[in-house]
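Undergrad: Structure in structure tokens, see below.
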Amino acid sequence: MALAAGLAVLRLPLRTRVHMLRAASRLPYAAPGDLGVLHAAVLSVRPPWWRGRLACMEVSLTVVVAAALTGRRARWVLGARFLPHAAHAWAEVPGGAVGRDEQDAVDRPWMPVLTT
């Protein structure tokens with residue numbers, strides 16, 4: 001259900017997505033372990049009806065939506081790095097993040113550009 005909601009929210013303009021995610025700001029943060037479980041669940045599900053991509057933007061937003069559906073919140077972070085230039089999205093809570101350190105990101109860290 002969270003994946004369908006996340007994919008629907010991705011069709012909206014970025015400004016609208018940010019406003020929708022800020023509505024969950026009154027919820028308590030999810031535990032880092034719970035966020036990891038949500039991330040693993042999102043990665044394990046790819047519905048047969050979805051022919052589009054399921055990359056960092058879709059996965060991270062779905063994790064944040066899934067956390068909100070469980071009564072918790074997580075921050076949706078859009079970031080970038082240099083050399084080579086790249087953009088990335090991940091979900092985080094105080095004490096942990098999921099989807100941020102992928103492949104060679106350890107020696108070239110991501111810099112948050114937008115956090116909501």
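Residues in the structure tokens are numbered from 1 in each chain, the chains being A, B, ... in the order shown, and ligands are numbered from 1 in the order shown.
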So which residues of region 28-109 of chain A fall under alpha helix (DSSP H) by DSSP, listed as a compact mmCIF listing (two decimals) with all heavy atoms, in the first residue's frame?

TA:
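File written: states.txt
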```txt
# COMPACT_ATOMS: atom_id res chain seq x y z
N PRO A 32 15.66 3.67 14.14
CA PRO A 32 16.51 3.32 12.99
C PRO A 32 16.33 1.88 12.52
O PRO A 32 16.34 1.62 11.32
CB PRO A 32 17.93 3.56 13.53
CG PRO A 32 17.76 4.58 14.61
CD PRO A 32 16.43 4.27 15.23
N GLY A 33 16.14 0.96 13.44
CA GLY A 33 15.92 -0.43 13.05
C GLY A 33 14.62 -0.62 12.28
O GLY A 33 14.56 -1.39 11.31
N ASP A 34 13.58 0.07 12.72
CA ASP A 34 12.30 0.00 12.02
C ASP A 34 12.40 0.59 10.62
O ASP A 34 11.80 0.09 9.67
CB ASP A 34 11.21 0.72 12.80
CG ASP A 34 10.89 0.05 14.12
OD1 ASP A 34 11.24 -1.14 14.29
OD2 ASP A 34 10.31 0.72 14.99
N LEU A 35 13.18 1.65 10.49
CA LEU A 35 13.38 2.26 9.18
C LEU A 35 14.09 1.28 8.24
O LEU A 35 13.75 1.17 7.07
CB LEU A 35 14.18 3.55 9.32
CG LEU A 35 14.15 4.49 8.12
CD1 LEU A 35 12.75 5.04 7.89
CD2 LEU A 35 15.12 5.63 8.31
N GLY A 36 15.06 0.55 8.78
CA GLY A 36 15.75 -0.46 7.99
C GLY A 36 14.81 -1.57 7.54
O GLY A 36 14.92 -2.06 6.40
N VAL A 37 13.90 -1.97 8.40
CA VAL A 37 12.92 -3.00 8.04
C VAL A 37 12.00 -2.49 6.94
O VAL A 37 11.71 -3.22 5.97
CB VAL A 37 12.11 -3.44 9.28
CG1 VAL A 37 10.93 -4.30 8.90
CG2 VAL A 37 13.01 -4.16 10.27
N LEU A 38 11.54 -1.25 7.05
CA LEU A 38 10.69 -0.67 6.00
C LEU A 38 11.44 -0.59 4.67
O LEU A 38 10.88 -0.89 3.61
CB LEU A 38 10.20 0.71 6.42
CG LEU A 38 9.20 0.77 7.57
CD1 LEU A 38 8.95 2.21 7.99
CD2 LEU A 38 7.91 0.08 7.19
N HIS A 39 12.70 -0.20 4.73
CA HIS A 39 13.51 -0.10 3.51
C HIS A 39 13.66 -1.48 2.86
O HIS A 39 13.51 -1.61 1.64
CB HIS A 39 14.88 0.49 3.86
CG HIS A 39 15.74 0.76 2.68
ND1 HIS A 39 16.79 -0.04 2.33
CD2 HIS A 39 15.69 1.74 1.74
CE1 HIS A 39 17.36 0.42 1.25
NE2 HIS A 39 16.71 1.51 0.87
N ALA A 40 13.94 -2.49 3.65
CA ALA A 40 14.08 -3.85 3.10
C ALA A 40 12.76 -4.33 2.50
O ALA A 40 12.75 -4.98 1.44
CB ALA A 40 14.54 -4.80 4.19
N ALA A 41 11.64 -4.00 3.14
CA ALA A 41 10.34 -4.40 2.62
C ALA A 41 10.05 -3.73 1.28
O ALA A 41 9.55 -4.36 0.35
CB ALA A 41 9.24 -4.07 3.63
N VAL A 42 10.37 -2.45 1.17
CA VAL A 42 10.14 -1.74 -0.09
C VAL A 42 11.01 -2.32 -1.20
O VAL A 42 10.55 -2.51 -2.33
CB VAL A 42 10.41 -0.23 0.09
CG1 VAL A 42 10.43 0.49 -1.25
CG2 VAL A 42 9.37 0.39 1.00
N LEU A 43 12.26 -2.64 -0.89
CA LEU A 43 13.14 -3.21 -1.90
C LEU A 43 12.71 -4.60 -2.34
O LEU A 43 13.01 -5.02 -3.47
CB LEU A 43 14.58 -3.27 -1.38
CG LEU A 43 15.27 -1.93 -1.19
CD1 LEU A 43 16.66 -2.14 -0.61
CD2 LEU A 43 15.35 -1.16 -2.49
N SER A 44 12.01 -5.33 -1.48
CA SER A 44 11.61 -6.69 -1.83
C SER A 44 10.33 -6.76 -2.64
O SER A 44 9.97 -7.83 -3.14
CB SER A 44 11.45 -7.53 -0.55
OG SER A 44 10.34 -7.08 0.19
N CYS A 56 16.37 5.29 -6.28
CA CYS A 56 16.50 5.92 -4.96
C CYS A 56 15.36 6.88 -4.64
O CYS A 56 14.88 6.92 -3.50
CB CYS A 56 17.85 6.61 -4.85
SG CYS A 56 18.09 7.96 -6.03
N MET A 57 14.91 7.66 -5.60
CA MET A 57 13.83 8.63 -5.35
C MET A 57 12.54 7.91 -4.96
O MET A 57 11.90 8.26 -3.96
CB MET A 57 13.60 9.48 -6.59
CG MET A 57 12.50 10.50 -6.44
SD MET A 57 13.00 11.99 -5.59
CE MET A 57 13.97 12.75 -6.84
N GLU A 58 12.18 6.90 -5.72
CA GLU A 58 10.94 6.17 -5.45
C GLU A 58 11.03 5.38 -4.15
O GLU A 58 10.09 5.38 -3.35
CB GLU A 58 10.63 5.22 -6.62
CG GLU A 58 10.30 5.92 -7.92
CD GLU A 58 11.53 6.37 -8.71
OE1 GLU A 58 12.66 6.02 -8.34
OE2 GLU A 58 11.34 7.06 -9.71
N VAL A 59 12.15 4.72 -3.94
CA VAL A 59 12.31 3.89 -2.74
C VAL A 59 12.32 4.75 -1.48
O VAL A 59 11.63 4.45 -0.50
CB VAL A 59 13.58 3.02 -2.84
CG1 VAL A 59 13.88 2.33 -1.52
CG2 VAL A 59 13.43 1.99 -3.95
N SER A 60 13.09 5.82 -1.48
CA SER A 60 13.19 6.65 -0.28
C SER A 60 11.85 7.31 0.06
O SER A 60 11.46 7.36 1.23
CB SER A 60 14.28 7.70 -0.45
OG SER A 60 13.99 8.56 -1.54
N LEU A 61 11.14 7.80 -0.93
CA LEU A 61 9.84 8.41 -0.66
C LEU A 61 8.85 7.37 -0.15
O LEU A 61 8.08 7.63 0.77
CB LEU A 61 9.30 9.10 -1.91
CG LEU A 61 7.98 9.84 -1.73
CD1 LEU A 61 8.09 10.93 -0.67
CD2 LEU A 61 7.51 10.42 -3.04
N THR A 62 8.90 6.17 -0.69
CA THR A 62 8.01 5.10 -0.23
C THR A 62 8.32 4.71 1.21
O THR A 62 7.42 4.43 1.99
CB THR A 62 8.11 3.88 -1.16
OG1 THR A 62 7.73 4.28 -2.48
CG2 THR A 62 7.21 2.76 -0.70
N VAL A 63 9.59 4.70 1.59
CA VAL A 63 9.96 4.41 2.98
C VAL A 63 9.38 5.47 3.91
O VAL A 63 8.84 5.16 4.98
CB VAL A 63 11.49 4.31 3.14
CG1 VAL A 63 11.89 4.28 4.60
CG2 VAL A 63 12.01 3.08 2.42
N VAL A 64 9.45 6.72 3.52
CA VAL A 64 8.90 7.81 4.35
C VAL A 64 7.38 7.69 4.44
O VAL A 64 6.81 7.85 5.53
CB VAL A 64 9.33 9.18 3.78
CG1 VAL A 64 8.62 10.32 4.50
CG2 VAL A 64 10.83 9.34 3.87
N VAL A 65 6.72 7.37 3.34
CA VAL A 65 5.27 7.18 3.36
C VAL A 65 4.90 5.98 4.22
O VAL A 65 3.95 6.03 5.00
CB VAL A 65 4.72 7.03 1.92
CG1 VAL A 65 3.28 6.57 1.92
CG2 VAL A 65 4.87 8.34 1.16
N ALA A 66 5.65 4.89 4.10
CA ALA A 66 5.39 3.70 4.90
C ALA A 66 5.55 4.00 6.39
O ALA A 66 4.76 3.54 7.22
CB ALA A 66 6.32 2.56 4.50
N ALA A 67 6.55 4.78 6.74
CA ALA A 67 6.74 5.16 8.14
C ALA A 67 5.53 5.97 8.63
O ALA A 67 5.04 5.75 9.74
CB ALA A 67 8.03 5.96 8.31
N ALA A 68 5.05 6.89 7.81
CA ALA A 68 3.88 7.69 8.19
C ALA A 68 2.64 6.82 8.35
O ALA A 68 1.83 7.05 9.25
CB ALA A 68 3.63 8.78 7.15
N LEU A 69 2.49 5.81 7.51
CA LEU A 69 1.34 4.91 7.63
C LEU A 69 1.40 4.07 8.90
O LEU A 69 0.37 3.57 9.36
CB LEU A 69 1.26 4.00 6.40
CG LEU A 69 0.85 4.69 5.10
CD1 LEU A 69 0.94 3.73 3.93
CD2 LEU A 69 -0.55 5.29 5.21
```

Undergrad: As a list of chain:residue names, please: the residues near Met20 (chain A) (cut-off 12 Å, only C-alpha atoms, same-chain neighbours under 4 positions excluded).

TA: A:Ala5, A:Gly6, A:Val9, A:Leu10, A:Leu12, A:Pro13, A:Leu14, A:Arg15, A:Thr16, A:Ala24, A:Ser25, A:Leu61, A:Val64, A:Val65, A:Ala68, A:Trp76, A:Thr116

Undergrad: Nearest residue to Leu21 (chain A) out of A:Arg73, A:Gly95, A:Leu83, A:Arg108, using only C-alpha atoms?

TA: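 Nearest candidate to Leu21 (chain A) out of A:Arg73, A:Gly95, A:Leu83, A:Arg108: A:Arg73.
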
Undergrad: Apply DSSP to the backbone of this structure and, from region 2-114 of chain A, keep only the residues in strand (DSSP E or B); write these as a ChimeraX atom specification.

TA: /A:29,73,75-81,86-93,96-98,111-114

Undergrad: Take the residues from that selection and put them in a file with N, CA and C atoms, as an mmCIF file, in the first residue's frame.

TA:
```cif
data_model
loop_
_atom_site.group_PDB
_atom_site.id
_atom_site.type_symbol
_atom_site.label_atom_id
_atom_site.label_comp_id
_atom_site.auth_asym_id
_atom_site.auth_seq_id
_atom_site.Cartn_x
_atom_site.Cartn_y
_atom_site.Cartn_z
ATOM 1 N N TYR A 29 9.565 10.179 15.601
ATOM 2 C CA TYR A 29 10.468 9.547 14.651
ATOM 3 C C TYR A 29 10.425 8.031 14.791
ATOM 4 N N ARG A 73 7.532 8.952 11.726
ATOM 5 C CA ARG A 73 8.016 9.798 10.641
ATOM 6 C C ARG A 73 9.483 9.538 10.370
ATOM 7 N N ARG A 75 12.696 11.479 7.709
ATOM 8 C CA ARG A 75 12.995 12.610 6.823
ATOM 9 C C ARG A 75 13.331 12.078 5.436
ATOM 10 N N TRP A 76 12.816 12.765 4.425
ATOM 11 C CA TRP A 76 13.142 12.463 3.038
ATOM 12 C C TRP A 76 14.230 13.438 2.633
ATOM 13 N N VAL A 77 15.362 12.925 2.201
ATOM 14 C CA VAL A 77 16.518 13.772 1.913
ATOM 15 C C VAL A 77 16.909 13.623 0.441
ATOM 16 N N LEU A 78 17.044 14.762 -0.215
ATOM 17 C CA LEU A 78 17.581 14.800 -1.572
ATOM 18 C C LEU A 78 18.974 15.395 -1.465
ATOM 19 N N GLY A 79 19.952 14.726 -2.041
ATOM 20 C CA GLY A 79 21.321 15.185 -1.895
ATOM 21 C C GLY A 79 22.101 15.118 -3.198
ATOM 22 N N ALA A 80 23.332 15.591 -3.109
ATOM 23 C CA ALA A 80 24.211 15.617 -4.278
ATOM 24 C C ALA A 80 25.650 15.459 -3.822
ATOM 25 N N ARG A 81 26.528 15.205 -4.788
ATOM 26 C CA ARG A 81 27.960 15.159 -4.520
ATOM 27 C C ARG A 81 28.707 15.543 -5.791
ATOM 28 N N ALA A 86 26.568 13.873 -9.119
ATOM 29 C CA ALA A 86 25.485 12.901 -9.020
ATOM 30 C C ALA A 86 24.459 13.399 -8.019
ATOM 31 N N ALA A 87 23.241 12.913 -8.162
ATOM 32 C CA ALA A 87 22.157 13.223 -7.237
ATOM 33 C C ALA A 87 21.655 11.916 -6.650
ATOM 34 N N HIS A 88 21.100 11.995 -5.441
ATOM 35 C CA HIS A 88 20.645 10.797 -4.766
ATOM 36 C C HIS A 88 19.567 11.171 -3.756
ATOM 37 N N ALA A 89 18.741 10.222 -3.377
ATOM 38 C CA ALA A 89 17.704 10.430 -2.372
ATOM 39 C C ALA A 89 17.767 9.294 -1.364
ATOM 40 N N TRP A 90 17.487 9.615 -0.088
ATOM 41 C CA TRP A 90 17.474 8.595 0.948
ATOM 42 C C TRP A 90 16.519 9.016 2.052
ATOM 43 N N ALA A 91 16.254 8.112 2.980
ATOM 44 C CA ALA A 91 15.408 8.388 4.142
ATOM 45 C C ALA A 91 16.276 8.304 5.383
ATOM 46 N N GLU A 92 15.977 9.172 6.352
ATOM 47 C CA GLU A 92 16.780 9.147 7.574
ATOM 48 C C GLU A 92 15.946 9.531 8.781
ATOM 49 N N VAL A 93 16.427 9.091 9.932
ATOM 50 C CA VAL A 93 15.889 9.471 11.237
ATOM 51 C C VAL A 93 17.093 9.798 12.103
ATOM 52 N N GLY A 96 20.230 7.270 12.283
ATOM 53 C CA GLY A 96 20.406 6.329 11.187
ATOM 54 C C GLY A 96 19.762 6.784 9.895
ATOM 55 N N ALA A 97 20.229 6.194 8.812
ATOM 56 C CA ALA A 97 19.689 6.484 7.487
ATOM 57 C C ALA A 97 19.675 5.198 6.679
ATOM 58 N N VAL A 98 18.773 5.125 5.721
ATOM 59 C CA VAL A 98 18.730 3.978 4.816
ATOM 60 C C VAL A 98 18.801 4.476 3.381
ATOM 61 N N MET A 111 25.930 15.140 0.148
ATOM 62 C CA MET A 111 25.605 16.359 0.875
ATOM 63 C C MET A 111 24.103 16.614 0.747
ATOM 64 N N PRO A 112 23.375 16.713 1.855
ATOM 65 C CA PRO A 112 21.948 16.994 1.770
ATOM 66 C C PRO A 112 21.696 18.363 1.135
ATOM 67 N N VAL A 113 20.740 18.407 0.228
ATOM 68 C CA VAL A 113 20.355 19.648 -0.427
ATOM 69 C C VAL A 113 18.947 20.068 0.037
ATOM 70 N N LEU A 114 18.061 19.083 0.172
ATOM 71 C CA LEU A 114 16.688 19.338 0.626
ATOM 72 C C LEU A 114 16.329 18.227 1.595
#
```

Undergrad: Any idea what the distance is between CA of Leu27 (chain A) and CA of Gly71 (chain A)?

TA: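 Taking CA of Leu27 (chain A) as the start and CA of Gly71 (chain A) as the end point, the length is 6.5 Å.
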
Undergrad: Just the number, please: distance in Å from CA of Pro47 (chain A) to CA of Thr115 (chain A), one decimal.

TA: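 Separating CA of Pro47 (chain A) from CA of Thr115 (chain A) is a distance of 27.9 Å.
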
Undergrad: In Å, with one decimal, what is the gap from CA of Ala4 (chain A) to CA of Ala55 (chain A)?

TA: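 One can read the CA of Ala4 (chain A) to CA of Ala55 (chain A) distance as 14.5 Å.
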